[in-house]
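Contents: one structure, followed by commentary.
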Amino acid sequence: MIEQFDFFARIISVGASLMLLALVVEGQIRRNLKITLVGLLISTMGYVINSTPALEPAGWADDILNLVAMSAPFWSWVFGRFLFERDPRPRIIALAAGALLITWLTGTFIEALDPAPFYINRAISLILIADLIRVAFVDRADDLIEKRRVIRLVLPTLIGVQIGLILVYEMILGPLSRVELVQFANGILILLITLFAGIALARTDRELLLESEPAVIDTERDSVDFSPSETVLHTKLTEAMTEGAYRERGITITRLAAQLDTPEHRLRALINQRLGYRNFSAFLNQYRIAEAQQMLSASDHVDLPVLTIAMDLGYNSLSPFNRAFRSITGSSPSEFRKAAFADEPIA
C-alpha cells in the first residue's frame with residue numbers, strides 16, 4: 001500500500017516538475033536563474049525516478065540517470081545562491097561540479113574504489129546544502145524584499161529536510177538501503193517542495209526573478225513621489241547617510257532603524273520599494289564605494305593603504321570591499337587609483 005502511494009506521489013511530482021519546466025523556459029527570468037532552475041527541475045525529476053524501484057531503468061540509462069539525480073543538491077545550492085543574490089564565484093561552482101562529476105565517474109567505472117566515491121559525493125552534497133541554509137538564514141536580515149525573506153525561511157528548510165536528511169540516511173545505512181516508509185516520506189517531501197516552488201513561481205513578481213536595473217544613490221526628494229511620512233523618513237535617512245552612518249562597522253538595518261527612531265519594516269519598505277535597493281548591503285555599498293572613489297583619487301590619500309580605506313568605510317576585511325568596489329566600478333581599488341593618477345596632468 002505504501003509503495004503504491006509513493007508511486008503516485010512521484011508521478012505527480014514529475015508532472016508538476018514538467019509543468020514548472022515549461023513555465024521557466026517560456027518565462028522572462030534572469031538568465032542565471034533560468035539555467036539553474038532548469039537544471040534543478042531536471043535533476044529533481046531524475047532523482048524522483050531513480051530513487052524508487054518502480055520507475056528506475058536498467059543498464060547504461062541507469063548510470064546516466066544516477067548522474068542526473070546526484071546533481072540535485074548542486075543545482076539546489078547554485079539556484080538558491082543566485083535567487084538570494086549571493087552569487088558563488090565561478091571557480092567555486094566549477095570546482096563543486098567537477099568534484100561531483102569525478103565521484104560519479106569513479107563510482108560508475110572503477111569498481112575497485114567502491115563505495116568511497118559514493119560517500120565523498122554525499123559529503124560534498126551535504127556541504128553545499130549546509131552552505132545554502134547558512135546563506136538563507138544568516139543573510140536574511142540584509143534582504144529587503146519581503147517575499148524573498150519568506151522564501152529564505154521555507155525553501156531552505158524544505159530542501160534541508162528532504163535532501164540533507166536523505167544524504168545523512170544514505171551515508172549511515174549505505175547506497176543500497178531502501179525502506180518503504182522512508183521512500184514514501186521522501187516522495188511526499190519532494191512533492192511539497194515542487195508544489196511550493198510552483199506557487200512561488202506563479203505568484204512572484206519582477207523583484208525575485210526578473211532582471212532589475214542597478215540602484216543608484218537618489219538623494220533628491222522630488223525625484224520620487226513620497227507620502228508625507230515617507231518624506232520625513234527619507235529626510236532623516238539622507239541626513240544620517242550624509243553624516244556618515246554607513247561608515248559604522250557591522251551596521252544593520254535593525255540598528256539603523258533604531259537610530260532613526262522608526263519601525264524596521266518602514267525603513268525596509270522605503271529603501272526597497274521607493275529607493276530601489278534589493279539588499280541593505282547594496283544600499284550601504286553605494287555610499288561606501290562613492291566615498292572610496294573620492295579617497296582613492298585624492299592626492300592627500302595617495303599613500304593610504306586600500307585596507308585602511310576599507311576599514312574606515314565600515315568593511316570588516318579587504319575581500320568584501322574589493323568585491324563591492326569591482327561590482328560597482330568594474331575595476332579593483334588599486335586599478336582605479338592607478339588610473340585616476342595616470343589621467344592627472346603632469347605639473
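Here, A, B, ... name the chains of the C-alpha cells in the order displayed, residue numbers run from 1 inside each chain, and ligands are numbered from 1 in the same displayed order.
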Name all residues at most 8 Å from Ile2 in chain A (count only C-alpha atoms; drop same-chain ones fewer than 3 positions away) and give them as a VMD selection string.
-> chain A and resid 5 to 6 180 to 181 184
What's the 12 Å shell around Ile35 in chain A, counting only C-alpha atoms, without same-chain residues fewer than 5 positions away, as a ChimeraX atom specification?
/A:21,24-25,27-30,40-42,75-76,78-79,82-83
Find the spatial neighbours of Asp87 in chain A, counting only C-alpha atoms, within a cut-off of 12 Å - ignore same-chain residues fewer than 4 positions away - and output them as number ranges by chain.
A: 32-33, 36, 77-83, 91-93, 132, 135, 323, 327
Selection: 8 Å around Met45 in chain A, only C-alpha atoms, excl. self and same-chain fewer than 5 positions, as a VMD selection string: chain A and resid 13 to 14 17 69
Can you write out the residues you just picked, keeping N, CA, C and O atoms, as a short mmCIF file (atom, residue, chain, number, x, y, z; two decimals), in the first residue's frame?
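The resulting result-v3.cif:
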data_model
loop_
_atom_site.label_atom_id
_atom_site.label_comp_id
_atom_site.auth_asym_id
_atom_site.auth_seq_id
_atom_site.Cartn_x
_atom_site.Cartn_y
_atom_site.Cartn_z
N SER A 13 4.74 14.42 -8.81
CA SER A 13 5.92 15.30 -8.73
C SER A 13 6.55 15.50 -10.11
O SER A 13 6.93 16.62 -10.47
N VAL A 14 6.66 14.42 -10.86
CA VAL A 14 7.24 14.53 -12.20
C VAL A 14 6.35 15.40 -13.08
O VAL A 14 6.84 16.27 -13.82
N SER A 17 6.74 18.99 -12.06
CA SER A 17 8.06 19.48 -12.48
C SER A 17 8.08 19.80 -13.97
O SER A 17 8.69 20.79 -14.40
N ALA A 69 20.44 12.51 -11.19
CA ALA A 69 19.84 12.54 -9.86
C ALA A 69 20.81 13.07 -8.82
O ALA A 69 20.43 13.87 -7.95
#
Between A:Val48, A:Leu318, A:Ala342, A:Leu101, smallest distance to Ile190 in chain A by only C-alpha atoms belongs to A:Val48
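Interatomic distance, CA of Gly187 in chain A to CA of Leu20 in chain A: 17.6 Å.
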Q. Leaving out Asp142 in chain A and any residue of its chain fewer than 4 positions from it, which residues lie within 8 Å of it when counting only C-alpha atoms, given as a PyMOL selection string?
A. chain A and resi 252-253+279-281
Q. What lies within 8 Å of Pro117 in chain A using only C-alpha atoms, ignoring chain neighbours under 2 positions off, as a PyMOL selection string?
A. chain A and resi 103-104+106-107+113-115+119-121
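Counting only C-alpha atoms, the residue from A:Ala16, A:Ala339, A:Leu155, A:Ala123 that sits nearest to Val168 in chain A is A:Ala123.
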Min atom-atom distance to Leu270 in chain A from the set A:Leu153, A:Ala292, A:Leu304, A:Leu144, counting only C-alpha atoms, belongs to A:Leu144
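Using only C-alpha atoms for every distance, the candidate list A:Ala99, A:Thr44, A:Ala245, A:Lys34 yields A:Thr44 as the residue closest to Leu191 in chain A.
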**Asked** Could you name the residues that touch Ala240 in chain A at 12 Å or less, counting only C-alpha atoms, but leaving out those on the same chain fewer than 3 positions away, as a ChimeraX atom specification?
**Response** /A:219,233-237,243-248,256-261,284,287
Output for the residues just chosen: N, CA and C atoms as a PDB file, in the first residue's frame:
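Final output, saved to again-v2.pdb:
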ATOM      1  N   THR A 219      19.278  61.131  -3.715  1.00  0.00           N
ATOM      2  CA  THR A 219      19.065  61.998  -2.568  1.00  0.00           C
ATOM      3  C   THR A 219      18.119  63.138  -2.884  1.00  0.00           C
ATOM      4  N   LEU A 233      10.781  60.314   6.797  1.00  0.00           N
ATOM      5  CA  LEU A 233      11.737  59.232   6.998  1.00  0.00           C
ATOM      6  C   LEU A 233      12.902  59.342   6.019  1.00  0.00           C
ATOM      7  N   HIS A 234      12.613  59.686   4.767  1.00  0.00           N
ATOM      8  CA  HIS A 234      13.670  59.820   3.778  1.00  0.00           C
ATOM      9  C   HIS A 234      14.630  60.952   4.134  1.00  0.00           C
ATOM     10  N   THR A 235      14.089  62.034   4.671  1.00  0.00           N
ATOM     11  CA  THR A 235      14.938  63.144   5.097  1.00  0.00           C
ATOM     12  C   THR A 235      15.856  62.714   6.227  1.00  0.00           C
ATOM     13  N   LYS A 236      15.303  61.993   7.201  1.00  0.00           N
ATOM     14  CA  LYS A 236      16.116  61.505   8.319  1.00  0.00           C
ATOM     15  C   LYS A 236      17.185  60.528   7.832  1.00  0.00           C
ATOM     16  N   LEU A 237      16.807  59.645   6.888  1.00  0.00           N
ATOM     17  CA  LEU A 237      17.757  58.676   6.347  1.00  0.00           C
ATOM     18  C   LEU A 237      18.880  59.383   5.588  1.00  0.00           C
ATOM     19  N   GLU A 243      25.862  62.226   7.299  1.00  0.00           N
ATOM     20  CA  GLU A 243      26.713  62.311   8.478  1.00  0.00           C
ATOM     21  C   GLU A 243      27.645  61.110   8.610  1.00  0.00           C
ATOM     22  N   GLY A 244      27.499  60.144   7.706  1.00  0.00           N
ATOM     23  CA  GLY A 244      28.430  59.007   7.683  1.00  0.00           C
ATOM     24  C   GLY A 244      27.985  57.783   8.447  1.00  0.00           C
ATOM     25  N   ALA A 245      26.674  57.578   8.598  1.00  0.00           N
ATOM     26  CA  ALA A 245      26.194  56.396   9.316  1.00  0.00           C
ATOM     27  C   ALA A 245      26.645  55.108   8.634  1.00  0.00           C
ATOM     28  N   TYR A 246      26.855  55.160   7.312  1.00  0.00           N
ATOM     29  CA  TYR A 246      27.259  53.963   6.565  1.00  0.00           C
ATOM     30  C   TYR A 246      28.671  53.518   6.905  1.00  0.00           C
ATOM     31  N   ARG A 247      29.440  54.387   7.566  1.00  0.00           N
ATOM     32  CA  ARG A 247      30.818  54.018   7.935  1.00  0.00           C
ATOM     33  C   ARG A 247      30.878  53.140   9.185  1.00  0.00           C
ATOM     34  N   GLU A 248      29.776  53.040   9.899  1.00  0.00           N
ATOM     35  CA  GLU A 248      29.763  52.245  11.126  1.00  0.00           C
ATOM     36  C   GLU A 248      29.947  50.768  10.795  1.00  0.00           C
ATOM     37  N   LEU A 256      20.121  50.692  12.268  1.00  0.00           N
ATOM     38  CA  LEU A 256      19.863  51.985  11.635  1.00  0.00           C
ATOM     39  C   LEU A 256      18.436  52.447  11.924  1.00  0.00           C
ATOM     40  N   ALA A 257      17.475  51.518  11.895  1.00  0.00           N
ATOM     41  CA  ALA A 257      16.094  51.883  12.205  1.00  0.00           C
ATOM     42  C   ALA A 257      15.985  52.411  13.627  1.00  0.00           C
ATOM     43  N   ALA A 258      16.732  51.800  14.544  1.00  0.00           N
ATOM     44  CA  ALA A 258      16.718  52.272  15.931  1.00  0.00           C
ATOM     45  C   ALA A 258      17.306  53.677  16.028  1.00  0.00           C
ATOM     46  N   GLN A 259      18.381  53.935  15.275  1.00  0.00           N
ATOM     47  CA  GLN A 259      18.991  55.252  15.280  1.00  0.00           C
ATOM     48  C   GLN A 259      18.043  56.317  14.727  1.00  0.00           C
ATOM     49  N   LEU A 260      17.235  55.916  13.735  1.00  0.00           N
ATOM     50  CA  LEU A 260      16.292  56.855  13.121  1.00  0.00           C
ATOM     51  C   LEU A 260      14.962  56.897  13.874  1.00  0.00           C
ATOM     52  N   ASP A 261      14.836  56.067  14.908  1.00  0.00           N
ATOM     53  CA  ASP A 261      13.618  56.008  15.719  1.00  0.00           C
ATOM     54  C   ASP A 261      12.403  55.719  14.832  1.00  0.00           C
ATOM     55  N   LEU A 284      24.185  50.346   1.379  1.00  0.00           N
ATOM     56  CA  LEU A 284      25.383  50.868   2.040  1.00  0.00           C
ATOM     57  C   LEU A 284      26.544  50.989   1.065  1.00  0.00           C
ATOM     58  N   TYR A 287      27.036  54.219  -1.026  1.00  0.00           N
ATOM     59  CA  TYR A 287      27.655  55.328  -0.296  1.00  0.00           C
ATOM     60  C   TYR A 287      29.130  55.053  -0.020  1.00  0.00           C
TER      61      TYR A 287
END
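Between Ile145 in chain A and the candidates A:Leu37, A:Ile172, A:Ile271, A:Leu65, the tightest atom-to-atom separation, counting only C-alpha atoms, involves A:Ile271.
CA of Ser71 in chain A is found 8.8 Å from CA of Tyr47 in chain A.
Picture a line from CA of Met295 in chain A to CA of Ile309 in chain A; it runs 7.7 Å.
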